[in-house]
Each structure stands twice: as C-alpha cells, then as structure tokens.
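Q: Can you keep this structure in mind? I'll have questions shortly.
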Amino acid sequence: MIAETVDPETFPIANPGIAPETQRRIAIICSKGSLDMAYPGLILANAARMSGIEALLFFTFWGLDVLRKDRIDNLHVATVGNPSMPIPTLLGGLPGMESFATARMKQEIEALDIPGVRELVEILHDSGAEIYACRMAMDMFKLTEDDLVPQVDGVLSAMDFFDKTAGAQILFI
Amino acid sequence: MIAETVDPETFPIANPGIAPETQRRIAIICSKGSLDMAYPGLILANAARMSGIEALLFFTFWGLDVLRKDRIDNLHVATVGNPSMPIPTLLGGLPGMESFATARMKQEIEALDIPGVRELVEILHDSGAEIYACRMAMDMFKLTEDDLVPQVDGVLSAMDFFDKTAGAQILFI
Amino acid sequence: MIAETVDPETFPIANPGIAPETQRRIAIICSKGSLDMAYPGLILANAARMSGIEALLFFTFWGLDVLRKDRIDNLHVATVGNPSMPIPTLLGGLPGMESFATARMKQEIEALDIPGVRELVEILHDSGAEIYACRMAMDMFKLTEDDLVPQVDGVLSAMDFFDKTAGAQILFI
C-alpha cells in the first residue's frame with residue numbers, strides 16, 4: 001500500500017473547500033540520519049498524504065543526511081547502541097557489519113515493495129508534502145541548498161517552523 | 001503511584017457523556033525496543049489512563065520487541081551510543097556489560113514499585129488503552145499475531161493509525 | 001537569531017488578553033542526555049518563546065543530565081550508534097573520541113553564536129518557559145532538587161505533566 005504513489009490531484013494540499021482550522025495537518029521533525037529512523041518519518045508522511053492530511057517535514061541535525069545529494073542513497077543502519085539489532089555489540093562495531101545490516105534491511109524493505117529513500121522523497125514532494133531543511137543545522141554542517149536534493153521546498157528557522165505548524169500534530173523523530 | 005493498577009470502571013475508554021471532540025486523547029508511536037525507551041511510552045500511557053485520557057499505543061520497527069512473546073521479558077538497555085550511561089563506550093561493548101546494566105536498571109525500577117514491561121502492558125490493556133502493532137513492521141520482521149502477547153488489539157497500517165488519531169496528541173518515541 | 005535572548009516583557013507567559021484555549025502551547029519531553037539530542041529541545045523551546053508560544057519542558061530519564069549541576073556543562077556527543085557521525089564505529093569507541101567529537105561540536109555551535117546548554121536553560125527560564133524534572137526519573141537516579149540547576153520550576157509526576165499540557169503540541173525527544 002505504501003508503495004503506491006500518491007495522486008496529488010486526489011489529495012491536493014490546498015483544499016479551498018476546507019477552512020484552515022478544520023484541515024488536519026501533520027508536521028514531522030526528522031532529526032536522525034540512520035536508515036531505520038529515516039523511514040518512519042517518510043512512511044508516516046506518505047500515509048498522511050494518502051489520507052488527505054497535509055504533511056510538512058522539517059529535517060534538522062543528522063536528519064539532513066536524508067536530503068543530502070551525496071548521502072540520500074547511502075543511509076546506514078546503526079548496528080550498535082540498539083539492543084533490538086540481532087548482532088552482539090562487540091561484533092556490531094567490526095568493519096563491514098554496518099554495511100551488512102544495511103544491505104539486509106534494504107532487501108527486506110524492497111521485498112515489501114517499499115520505495116527507496118530517494119524515491120520516497122520524490123513521491124512525497126509530488127504528493128504535495130512540504131519538505132524543509134533547518135537553517136541552523138545547514139549552517140552547522142556548512143551546507144547550501146545546492147547540497148540538497150531538488151525536492152526541498154526551502155530552508156527554515158525554528159521560528160519559521162512554528163509559524164507553519166499552528167494546529168498541526170507535531171512529531172519529533 | 002504508577003504501580004497502582006488503573007480501574008477500567010473508573011476510566012472507561014468509551015465515555016458516552018463526553019463528545020469525541022472534547023475527549024482528550026494521546027497516541028504514542030513506540031519505535032524502540034530497548035528497555036530504557038520502552039518504559040517512557042508505557043508509563044506515559046498509564047499516566048494518561050489514570051487521568052481519564054484515552055490512550056492508543058502503536059508499536060512499529062524495533063518497538064515490536066515490546067509486544068513479542070519471546071522478547072517482552074528480555075528487553076535490554078543499550079550500553080553504548082548513550083553518553084549518559086556511566087560505562088565507557090569501549091567497556092560497554094564487552095560481553096556481559098549490557099546484561100549487567102539491564103539487571104541494574106530492572107532492580108532500580110522494581111525498587112520504585114514500577115511493574116515489569118509485561119505487567120505494564122497487561123495493566124494498560126485492562127485500563128482500556130488500545131494496543132496495536134504496525135502492519136509494515138510485522139511484514140518486515142515476518143511476524144504474525146501469534147508471535148505477539150494477547151493484549152494486542154490488532155495490526156494497523158500507518159493510514160489506519162491516522163484514521164484513529166484525529167485530534168489526539170501524538171508522540172513518537 | 002537563536003542566540004538573541006528572549007525578552008520576558010515582550011512575551012509574558014501569562015497573557016490575560018488571550019483565553020487559555022486560544023493561546024498556543026508547546027510541551028517538550030526531553031529524555032536524552034547527549035549533547036546533540038539536548039540542543040533540539042532547548043532550541044525549539046526558545047524559538048517557541050520568541051514566537052509568543054508558551055513552552056514547557058519536562059526532563060525525564062537520561063534527559064535529567066541536562067538539569068544536573070554536575071553534568072550540564074559536560075554533556076557529550078555519542079560517537080557510536082549514529083551512522084551519520086563521520087567516525088567509524090570501531091574508532092568511535094576508543095578513549096578520547098567522544099571528547100574529541102564533543103569539543104568539535106561545541107566549537108561549531110559557538111561559531112554560530114548559539115549559547116551553551118547552561119546559558120540556554122537560563123535564557124529559557126528568563127523567557128517564561130516552564131522547566132520541570134520527572135519525579136520517577138529523579139527517584140530512579142536518587143536525585144533531589146539540590147542536585148539540579150536553580151532554573152527548575154519543580155518536580156512533576158507523569159500525571160502532573162498531563163494536567164499541565166491539555167491542548168498543547170507535545171513532542172518527545
């Protein structure tokens with residue numbers, strides 16, 4: 001179901017028939033750059049759009065990796081620091097283990113017909129979801145908009161983020 | 001206080017005297033399977049029920065460990081990747097350290113009369129909290145409902161989750 | 001912009017002209033004690049106050065480190081368990097790497113004129129943000145209010161937290 005693309009004509013982001021106060025909105029702050037914590041924000045935003053809910057994604061701190069042209073196709077799973085990962089901590093730190101676990105998770109995701117991260121960002125953009133990068137994190141990592149994928153709608157400060165999210169259900173991932 | 005069981009007769013989940021728009025609701029997405037990140041969701045949901053607030057828990061990704069029959073009694077604390085943990089990173093990766101830290105946290109939790117994870121899930125279920133597993137995460141980990149504790153009310157897609165949480169305060173843990 | 005202090009006279013927390021139902025409120029549950037996950041909550045709360053939004057911070061579990069007199073100036077960045085960190089996992093566990101990464105992040109933060117954690121907590125307090133510690137986490141770590149910085153407004157149970165956050169946008173970090 002998630003792999004179906006969202007039709008922006010079916011779920012337009014601006015619905016003139018619904019007053020802003022009654023249009024449900026989701027805002028997701030994405031602060032992590034690991035593969036397993038990048039997916040939840042993207043999948044929740046996609047499900048929201050498929051349900052006709054407005055979705056805004058704000059990428060900050062490590063989450064900027066998800067928007068970086070040079071990293072979006074190479075997000076990794078953390079193999080240590082997560083007791084749910086079926087790899088002993090000592091082995092998890094060995095070279096190659098992170099790549100192995102990442103390749104395995106990508107296979108499992110593909111087997112479920114879930115798009116890759118880059119494709120999911122494109123689907124979200126096409127569905128009318130708003131995608132923003134955090135100004136402060138951009139400055140901290142010395143990035144410019146040229147470093148980011150073209151689906152990014154702009155760079156916002158935390159105050160701008162609050163301006164855009166009155167009345168929204170806000171998640172921090 | 002947390003250790004007191006919630007009386008479902010005092011806090012029925014369906015309160016005919018209160019219109020849906022005015023009944024406060026909390027929805028918690030539980031995405032982590034470590035002991036220290038499993039407790040916050042369960043404890044917040046329990047506090048919500050004790051305050052007469054409707055509570056819905058949606059377990060996804062690593063969070064499914066909290067509902068798995070074979071793991072619910074064996075959640076572990078992460079001893080690496082957390083600078084607040086009083087164990088140097090290099091030692092944290094040694095065999096046995098994770099078990100040691102887990103045993104110590106369990107003792108501290110028990111000393112405060114906080115129930116174990118399995119008991120807390122039962123208390124939540126009895127109090128009228130709704131407990132769901134994420135369809136996509138179930139598929140990814142090749143799990144069926146038989147793998148989960150009987151307190152699970154069902155398996156939901158992310159779209160189903162949004163259908164059930166209009167107007168709720170949503171947390172992602 | 002973030003480094004500008006918030007003027008409590010411009011943004012009083014009690015605004016008699018606005019009814020409680022219409023005054024926007026943010027509540028942030030801070031559960032992490034690492035430097036990189038302490039900042040997002042503090043910076044979001046500061047941005048909220050600068051936008052005239054009421055802000056409440058509730059520190060629990062590892063998040064208590066941010067309020068502890070003996071730790072607030074020594075929060076660390078996790079160098080393992082985060083694939084976005086540009087340090088191989090095996091090296092990340094070596095003695096000194098965490099201190100090195102922490103020093104580097106502090107430099108980058110200072111270069112952006114962002115205050116340190118202690119100063120940010122003071123700014124938040126002066127701006128009218130409410131700062132609370134979690135009762136259960138205090139008990140678990142055997143802490144008293146004397147162990148915490150003076151900007152803490154009190155110690156709350158999870159039920160107290162819910163009492164204070166009806167209608168708020170709640171984030172869990």
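Naming works like this for the structure tokens: A, B, ... for the chains as they're shown, residue 1 at the start of each chain, ligands 1 onward in shown order.
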Leaving out Thr144 in chain C and any residue of its chain fewer than 4 positions from it, which residues lie within 12 Å of it when counting only C-alpha atoms, given as a list of chain:residue names?
A: C:Leu64, C:Leu67, C:Arg68, C:Lys69, C:Ala133, C:Cys134, C:Arg135, C:Met136, C:Ala137, C:Met138, C:Asp139, C:Met140, C:Leu148, C:Val149, C:Val152, C:Gly154, C:Val155
Q: Any chance you could export the current selection's all heavy atoms as a short mmCIF file (atom, residue, chain, number, x, y, z; two decimals), in the first residue's frame?
A:
data_model
loop_
_atom_site.label_atom_id
_atom_site.label_comp_id
_atom_site.auth_asym_id
_atom_site.auth_seq_id
_atom_site.Cartn_x
_atom_site.Cartn_y
_atom_site.Cartn_z
N LEU C 64 17.51 14.05 32.38
CA LEU C 64 17.83 14.74 33.64
C LEU C 64 19.27 15.25 33.66
O LEU C 64 19.57 16.22 34.36
CB LEU C 64 17.60 13.81 34.84
CG LEU C 64 16.17 13.66 35.32
CD1 LEU C 64 16.14 12.76 36.55
CD2 LEU C 64 15.56 15.02 35.66
N LEU C 67 19.75 18.91 33.38
CA LEU C 67 19.43 19.77 34.52
C LEU C 67 20.37 19.56 35.70
O LEU C 67 20.32 20.32 36.67
CB LEU C 67 17.99 19.51 34.98
CG LEU C 67 16.87 19.75 33.96
CD1 LEU C 67 15.52 19.51 34.62
CD2 LEU C 67 16.94 21.17 33.40
N ARG C 68 21.21 18.52 35.64
CA ARG C 68 22.07 18.22 36.79
C ARG C 68 23.24 19.19 36.85
O ARG C 68 24.03 19.29 35.90
CB ARG C 68 22.59 16.79 36.71
CG ARG C 68 21.52 15.77 37.04
CD ARG C 68 22.05 14.36 36.89
NE ARG C 68 23.13 14.09 37.84
CZ ARG C 68 23.55 12.87 38.15
NH1 ARG C 68 22.97 11.82 37.58
NH2 ARG C 68 24.53 12.69 39.00
N LYS C 69 23.40 19.84 38.00
CA LYS C 69 24.51 20.79 38.20
C LYS C 69 25.84 20.18 37.80
O LYS C 69 26.71 20.86 37.24
CB LYS C 69 24.59 21.17 39.69
CG LYS C 69 23.57 22.16 40.18
CD LYS C 69 23.77 22.36 41.69
CE LYS C 69 22.65 23.16 42.31
NZ LYS C 69 22.66 23.06 43.79
N ALA C 133 11.37 18.63 36.19
CA ALA C 133 12.04 17.32 36.22
C ALA C 133 10.99 16.26 36.53
O ALA C 133 10.00 16.53 37.22
CB ALA C 133 13.13 17.32 37.28
N CYS C 134 11.21 15.06 36.02
CA CYS C 134 10.28 13.94 36.21
C CYS C 134 10.52 13.27 37.57
O CYS C 134 11.64 12.86 37.88
CB CYS C 134 10.47 12.92 35.09
SG CYS C 134 9.62 11.36 35.33
N ARG C 135 9.45 13.16 38.36
CA ARG C 135 9.54 12.57 39.70
C ARG C 135 10.13 11.16 39.66
O ARG C 135 11.05 10.83 40.42
CB ARG C 135 8.13 12.52 40.31
CG ARG C 135 7.93 11.61 41.51
CD ARG C 135 8.64 12.08 42.75
NE ARG C 135 8.23 13.45 43.09
CZ ARG C 135 9.00 14.29 43.78
NH1 ARG C 135 10.20 13.92 44.21
NH2 ARG C 135 8.57 15.51 44.06
N MET C 136 9.62 10.33 38.78
CA MET C 136 10.06 8.93 38.76
C MET C 136 11.53 8.80 38.39
O MET C 136 12.27 8.02 38.99
CB MET C 136 9.21 8.13 37.78
CG MET C 136 9.48 6.64 37.86
SD MET C 136 8.66 5.76 36.51
CE MET C 136 6.98 6.26 36.80
N ALA C 137 11.97 9.59 37.40
CA ALA C 137 13.37 9.54 37.00
C ALA C 137 14.26 10.08 38.13
O ALA C 137 15.35 9.56 38.37
CB ALA C 137 13.59 10.35 35.72
N MET C 138 13.79 11.10 38.85
CA MET C 138 14.55 11.63 40.00
C MET C 138 14.74 10.51 41.02
O MET C 138 15.84 10.33 41.56
CB MET C 138 13.78 12.78 40.65
CG MET C 138 13.68 14.04 39.80
SD MET C 138 15.23 14.98 39.75
CE MET C 138 15.20 15.75 41.38
N ASP C 139 13.67 9.77 41.29
CA ASP C 139 13.75 8.68 42.26
C ASP C 139 14.68 7.57 41.76
O ASP C 139 15.48 7.03 42.52
CB ASP C 139 12.35 8.10 42.52
CG ASP C 139 11.46 9.09 43.29
OD1 ASP C 139 12.00 10.07 43.85
OD2 ASP C 139 10.23 8.88 43.31
N MET C 140 14.57 7.25 40.48
CA MET C 140 15.38 6.16 39.93
C MET C 140 16.87 6.47 40.04
O MET C 140 17.68 5.61 40.36
CB MET C 140 15.00 5.91 38.47
CG MET C 140 15.64 4.66 37.90
SD MET C 140 15.20 4.40 36.17
CE MET C 140 13.40 4.41 36.31
N LEU C 148 19.90 19.76 41.09
CA LEU C 148 19.52 20.36 39.81
C LEU C 148 19.82 21.87 39.78
O LEU C 148 19.89 22.52 40.81
CB LEU C 148 18.02 20.14 39.55
CG LEU C 148 17.52 18.69 39.63
CD1 LEU C 148 16.03 18.64 39.34
CD2 LEU C 148 18.30 17.78 38.69
N VAL C 149 19.95 22.42 38.59
CA VAL C 149 20.18 23.85 38.43
C VAL C 149 18.97 24.62 38.97
O VAL C 149 17.85 24.10 38.98
CB VAL C 149 20.44 24.22 36.95
CG1 VAL C 149 21.76 23.62 36.47
CG2 VAL C 149 19.29 23.81 36.07
N VAL C 152 15.06 25.15 37.54
CA VAL C 152 13.99 24.14 37.52
C VAL C 152 12.80 24.64 38.36
O VAL C 152 12.97 25.05 39.51
CB VAL C 152 14.51 22.80 38.07
CG1 VAL C 152 13.40 21.76 38.15
CG2 VAL C 152 15.66 22.29 37.19
N GLY C 154 10.20 22.85 39.28
CA GLY C 154 9.62 21.85 40.16
C GLY C 154 9.76 20.45 39.61
O GLY C 154 10.30 20.25 38.52
N VAL C 155 9.28 19.50 40.40
CA VAL C 155 9.34 18.09 40.03
C VAL C 155 7.91 17.61 39.85
O VAL C 155 7.06 17.82 40.71
CB VAL C 155 10.07 17.28 41.11
CG1 VAL C 155 10.14 15.80 40.73
CG2 VAL C 155 11.47 17.84 41.34
#
Q: Distance limit 8 Å, atoms considered: only C-alpha atoms. Which chain B residues sit that close to chain A? Return them as a PyMOL selection string.
A: chain B and resi 32-34+61-62+65+75-82+93-95+139-140+158-159+162-163+166+168-173
Q: For those residues, write N, CA and C atoms to a file as a tab-separated table (two decimals), in the first residue's frame.
A:
chain	number	residue	atom	x	y	z
B	32	LYS	N	11.09	1.97	19.51
B	32	LYS	CA	12.34	1.47	20.08
B	32	LYS	C	12.10	0.19	20.90
B	33	GLY	N	13.09	-0.70	20.89
B	33	GLY	CA	12.95	-1.95	21.62
B	33	GLY	C	13.87	-2.07	22.82
B	34	SER	N	14.57	-0.98	23.16
B	34	SER	CA	15.45	-1.03	24.33
B	34	SER	C	14.61	-0.80	25.59
B	61	PHE	N	8.57	-0.85	13.96
B	61	PHE	CA	10.01	-1.11	13.88
B	61	PHE	C	10.50	-1.87	15.12
B	62	TRP	N	11.59	-1.43	15.74
B	62	TRP	CA	12.15	-2.14	16.88
B	62	TRP	C	11.17	-2.20	18.04
B	65	ASP	N	9.47	-5.40	19.49
B	65	ASP	CA	10.06	-6.27	20.51
B	65	ASP	C	9.26	-6.23	21.82
B	75	LEU	N	13.94	-7.42	27.33
B	75	LEU	CA	14.41	-6.17	26.73
B	75	LEU	C	15.69	-5.75	27.43
B	76	HIS	N	16.59	-5.13	26.67
B	76	HIS	CA	17.89	-4.74	27.22
B	76	HIS	C	18.11	-3.23	27.16
B	77	VAL	N	18.98	-2.78	28.04
B	77	VAL	CA	19.43	-1.39	27.99
B	77	VAL	C	20.63	-1.32	27.04
B	78	ALA	N	20.68	-0.29	26.21
B	78	ALA	CA	21.85	-0.08	25.36
B	78	ALA	C	22.97	0.49	26.20
B	79	THR	N	24.14	-0.16	26.17
B	79	THR	CA	25.26	0.34	26.98
B	79	THR	C	26.24	1.16	26.15
B	80	VAL	N	26.03	1.21	24.84
B	80	VAL	CA	26.87	2.09	24.02
B	80	VAL	C	25.95	3.03	23.24
B	81	GLY	N	26.52	4.12	22.76
B	81	GLY	CA	25.72	5.07	21.98
B	81	GLY	C	24.90	5.99	22.85
B	82	ASN	N	25.12	5.93	24.18
B	82	ASN	CA	24.38	6.79	25.10
B	82	ASN	C	25.36	7.39	26.10
B	93	GLY	N	30.81	-2.27	25.16
B	93	GLY	CA	30.67	-3.27	24.11
B	93	GLY	C	31.10	-4.66	24.52
B	94	LEU	N	31.71	-4.79	25.70
B	94	LEU	CA	32.17	-6.11	26.14
B	94	LEU	C	30.99	-7.03	26.45
B	95	PRO	N	31.15	-8.31	26.18
B	95	PRO	CA	30.06	-9.25	26.51
B	95	PRO	C	29.73	-9.16	28.00
B	139	ASP	N	5.36	-7.30	8.73
B	139	ASP	CA	5.77	-7.95	7.49
B	139	ASP	C	7.29	-7.97	7.36
B	140	MET	N	7.92	-6.85	7.72
B	140	MET	CA	9.37	-6.76	7.57
B	140	MET	C	10.08	-7.80	8.44
B	158	ALA	N	-0.19	2.35	8.63
B	158	ALA	CA	0.02	3.74	9.04
B	158	ALA	C	-1.22	4.58	8.74
B	159	MET	N	-1.90	4.26	7.64
B	159	MET	CA	-3.14	5.00	7.33
B	159	MET	C	-4.23	4.72	8.37
B	162	PHE	N	-3.59	6.83	11.36
B	162	PHE	CA	-4.06	8.23	11.25
B	162	PHE	C	-5.58	8.31	11.38
B	163	ASP	N	-6.28	7.31	10.84
B	163	ASP	CA	-7.74	7.31	10.96
B	163	ASP	C	-8.17	7.34	12.43
B	166	ALA	N	-7.21	11.28	14.83
B	166	ALA	CA	-7.60	12.68	14.60
B	166	ALA	C	-7.84	13.35	15.95
B	168	ALA	N	-5.86	13.73	18.39
B	168	ALA	CA	-5.04	13.25	19.51
B	168	ALA	C	-3.73	14.02	19.61
B	169	GLN	N	-3.15	14.02	20.79
B	169	GLN	CA	-1.77	14.47	20.95
B	169	GLN	C	-0.90	13.26	20.62
B	170	ILE	N	-0.08	13.37	19.56
B	170	ILE	CA	0.70	12.22	19.09
B	170	ILE	C	2.16	12.38	19.50
B	171	LEU	N	2.73	11.33	20.11
B	171	LEU	CA	4.15	11.32	20.45
B	171	LEU	C	4.84	10.23	19.65
B	172	PHE	N	6.07	10.47	19.25
B	172	PHE	CA	6.89	9.44	18.61
B	172	PHE	C	8.07	9.15	19.53
B	173	ILE	N	8.16	7.92	19.99
B	173	ILE	CA	9.25	7.55	20.89
B	173	ILE	C	10.16	6.56	20.21
